[in-house]
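Below is run.cif, which holds mmCIF, C-alpha atoms and all ligand atoms; chains and numbers go by the auth columns.
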```
data_my_file
#
loop_
_atom_site.group_PDB
_atom_site.id
_atom_site.type_symbol
_atom_site.label_atom_id
_atom_site.label_comp_id
_atom_site.label_asym_id
_atom_site.label_seq_id
_atom_site.Cartn_x
_atom_site.Cartn_y
_atom_site.Cartn_z
_atom_site.B_iso_or_equiv
_atom_site.auth_seq_id
_atom_site.auth_asym_id
ATOM 1 C CA MET A 1 -12.166 2.307 -32.250 0.00 273 A
ATOM 2 C CA SER A 2 -15.400 3.660 -30.896 0.00 274 A
ATOM 3 C CA LYS A 3 -17.120 6.642 -32.402 0.00 275 A
ATOM 4 C CA SER A 4 -17.602 9.635 -30.175 0.00 276 A
ATOM 5 C CA LYS A 5 -20.634 11.552 -31.286 0.00 277 A
ATOM 6 C CA ASN A 6 -21.317 13.169 -27.955 0.00 278 A
ATOM 7 C CA LYS A 7 -19.316 16.089 -26.704 0.00 279 A
ATOM 8 C CA THR A 8 -17.197 15.232 -23.758 0.00 280 A
ATOM 9 C CA SER A 9 -17.091 17.594 -20.853 0.00 281 A
ATOM 10 C CA THR A 10 -14.127 17.293 -18.569 0.00 282 A
ATOM 11 C CA CYS A 11 -13.667 19.061 -15.280 0.00 283 A
ATOM 12 C CA TYR A 12 -10.273 20.385 -14.306 0.00 284 A
ATOM 13 C CA THR A 13 -8.885 21.564 -11.027 0.00 285 A
ATOM 14 C CA LEU A 14 -6.489 24.486 -10.911 0.00 286 A
ATOM 15 C CA MET A 15 -4.173 24.570 -7.919 0.00 287 A
ATOM 16 C CA GLU A 16 -1.587 26.985 -6.620 0.00 288 A
ATOM 17 C CA CYS A 17 1.182 26.173 -4.212 0.00 289 A
ATOM 18 C CA ASN A 18 0.993 28.392 -1.152 0.00 290 A
ATOM 19 C CA SER A 19 4.736 28.218 -0.786 0.00 291 A
ATOM 20 C CA CYS A 20 6.430 28.517 -4.189 0.00 292 A
ATOM 21 C CA LYS A 21 3.336 29.758 -6.067 0.00 293 A
ATOM 22 C CA ALA A 22 3.592 27.069 -8.706 0.00 294 A
ATOM 23 C CA ILE A 23 0.352 26.635 -10.607 0.00 295 A
ATOM 24 C CA LYS A 24 -0.806 23.201 -11.665 0.00 296 A
ATOM 25 C CA LYS A 25 -3.773 21.892 -13.545 0.00 297 A
ATOM 26 C CA ARG A 26 -5.078 18.378 -13.383 0.00 298 A
ATOM 27 C CA LYS A 27 -8.264 16.517 -13.903 0.00 299 A
ATOM 28 C CA PHE A 28 -10.892 17.069 -11.259 0.00 300 A
ATOM 29 C CA THR A 29 -11.202 14.321 -8.732 0.00 301 A
ATOM 30 C CA ASP A 30 -13.965 13.727 -6.257 0.00 302 A
ATOM 31 C CA GLY A 31 -13.474 15.778 -3.138 0.00 303 A
ATOM 32 C CA ASP A 32 -11.763 18.739 -4.740 0.00 304 A
ATOM 33 C CA ILE A 33 -13.218 21.900 -3.237 0.00 305 A
ATOM 34 C CA VAL A 34 -12.208 25.467 -4.057 0.00 306 A
ATOM 35 C CA PHE A 35 -9.982 27.109 -1.426 0.00 307 A
ATOM 36 C CA THR A 36 -9.036 23.884 0.274 0.00 308 A
ATOM 37 C CA THR A 37 -5.613 22.330 0.236 0.00 309 A
ATOM 38 C CA THR A 38 -5.418 19.067 -1.599 0.00 310 A
ATOM 39 C CA GLU A 39 -1.987 17.607 -2.003 0.00 311 A
ATOM 40 C CA ASN A 40 1.664 18.382 -1.501 0.00 312 A
ATOM 41 C CA CYS A 41 3.507 20.414 -4.082 0.00 313 A
ATOM 42 C CA SER A 42 5.809 18.385 -6.272 0.00 314 A
ATOM 43 C CA ASP A 43 8.356 21.211 -6.425 0.00 315 A
ATOM 44 C CA CYS A 44 8.630 22.004 -2.737 0.00 316 A
ATOM 45 C CA ASP A 45 7.146 20.919 0.579 0.00 317 A
ATOM 46 C CA GLY A 46 4.256 23.338 0.330 0.00 318 A
ATOM 47 C CA LYS A 47 0.564 22.580 0.090 0.00 319 A
ATOM 48 C CA MET A 48 -1.418 22.975 -3.082 0.00 320 A
ATOM 49 C CA LEU A 49 -4.489 25.177 -2.698 0.00 321 A
ATOM 50 C CA VAL A 50 -7.397 24.678 -5.081 0.00 322 A
ATOM 51 C CA THR A 51 -8.030 28.043 -6.691 0.00 323 A
ATOM 52 C CA LYS A 52 -10.469 27.130 -9.432 0.00 324 A
ATOM 53 C CA ILE A 53 -12.556 24.272 -10.737 0.00 325 A
ATOM 54 C CA PHE A 54 -13.752 24.556 -14.296 0.00 326 A
ATOM 55 C CA GLY A 55 -15.114 22.448 -17.086 0.00 327 A
ATOM 56 C CA LEU A 56 -13.945 22.186 -20.660 0.00 328 A
ATOM 57 C CA THR A 57 -16.089 20.826 -23.433 0.00 329 A
ATOM 58 C CA MET A 58 -14.385 19.113 -26.307 0.00 330 A
ATOM 59 C CA ASP A 59 -15.766 18.033 -29.654 0.00 331 A
HETATM 60 ZN ZN ZN B . 5.592 24.518 -4.157 0.00 401 B
#
```

Show this structure as structure tokens.
Ligand SMILES: [Zn+2]
Amino acid sequence: MSKSKNKTSTCYTLMECNSCKAIKKRKFTDGDIVFTTTENCSDCDGKMLVTKIFGLTMD
């Protein structure tokens, strides 16, 4: 296995369904912009709205 001496920073995208209000978090992908709709909700037919994009740093 490879050694990881550098801290890894990962960006996450927080989304909220505008229909059932389900909140989901997934890894940030190119093109995610806050307050735009990205994909369909997996629980209903609503659209997921990006509410927050944030980064987490892990050791
Ligand atoms: Zn939904």

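Of the listed residues A:Thr280, A:Thr301, A:Asn290, A:Thr285, the one whose atoms come nearest to Cys313 (chain A) is A:Asn290, with distances taken using only C-alpha atoms.
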
Which residues sit within 9 Å of ligand ZN 401 (chain B), counting all atoms listed in the file, listed as a PDB file with C-alpha atoms, in the coordinates of the input?
```
ATOM      1  CA  GLU A 288      -1.587  26.985  -6.620  1.00  0.00           C
ATOM      2  CA  CYS A 289       1.182  26.173  -4.212  1.00  0.00           C
ATOM      3  CA  ASN A 290       0.993  28.392  -1.152  1.00  0.00           C
ATOM      4  CA  SER A 291       4.736  28.218  -0.786  1.00  0.00           C
ATOM      5  CA  CYS A 292       6.430  28.517  -4.189  1.00  0.00           C
ATOM      6  CA  LYS A 293       3.336  29.758  -6.067  1.00  0.00           C
ATOM      7  CA  ALA A 294       3.592  27.069  -8.706  1.00  0.00           C
ATOM      8  CA  ILE A 295       0.352  26.635 -10.607  1.00  0.00           C
ATOM      9  CA  ASN A 312       1.664  18.382  -1.501  1.00  0.00           C
ATOM     10  CA  CYS A 313       3.507  20.414  -4.082  1.00  0.00           C
ATOM     11  CA  SER A 314       5.809  18.385  -6.272  1.00  0.00           C
ATOM     12  CA  ASP A 315       8.356  21.211  -6.425  1.00  0.00           C
ATOM     13  CA  CYS A 316       8.630  22.004  -2.737  1.00  0.00           C
ATOM     14  CA  ASP A 317       7.146  20.919   0.579  1.00  0.00           C
ATOM     15  CA  GLY A 318       4.256  23.338   0.330  1.00  0.00           C
ATOM     16  CA  LYS A 319       0.564  22.580   0.090  1.00  0.00           C
ATOM     17  CA  MET A 320      -1.418  22.975  -3.082  1.00  0.00           C
TER      18      MET A 320
END
```

Checklist line | Separation of CA of Asp331 (chain A) from CA of Asp302 (chain A), in Å and rounded to one decimal | finding: 23.9 Å

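Non-sequential neighbours of region 325-330 of chain A (distance at most 6 Å, separation of 5 or more positions within a chain, only C-alpha atoms) are A:Lys279, A:Thr280, A:Ser281, A:Thr282, A:Cys283, A:Tyr284, A:Thr285.
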
Next item on the list: Write out as a ChimeraX atom specification which residues come within 8 Å of Asp304 (chain A) when counting only C-alpha atoms, dropping same-chain ones fewer than 4 positions away.
Entry: /A:285,300,308,310,322

Any chance you can output those residues with C-alpha atoms as a PDB file, in the coordinates of the input?
```pdb
ATOM      1  CA  THR A 285      -8.885  21.564 -11.027  1.00  0.00           C
ATOM      2  CA  PHE A 300     -10.892  17.069 -11.259  1.00  0.00           C
ATOM      3  CA  THR A 308      -9.036  23.884   0.274  1.00  0.00           C
ATOM      4  CA  THR A 310      -5.418  19.067  -1.599  1.00  0.00           C
ATOM      5  CA  VAL A 322      -7.397  24.678  -5.081  1.00  0.00           C
TER       6      VAL A 322
END
```

Margin query: Which residues are close to Phe307 (chain A), i.e. within 9 Å by only C-alpha atoms, leaving aside same-chain residues fewer than 3 positions away? Reply as a list in words.
Written below: Leu321, Val322, Thr323 and Lys324 of chain A

Find the smallest box with edges along x, y and z containing every listed atom of region 287-295 of chain A, then add 4 Å on each side and report centre and edge lengths in Å to one decimal, as AutoDock Vina command-line options.
```
--center_x 1.1 --center_y 27.2 --center_z -5.7 --size_x 18.6 --size_y 13.2 --size_z 17.8
```
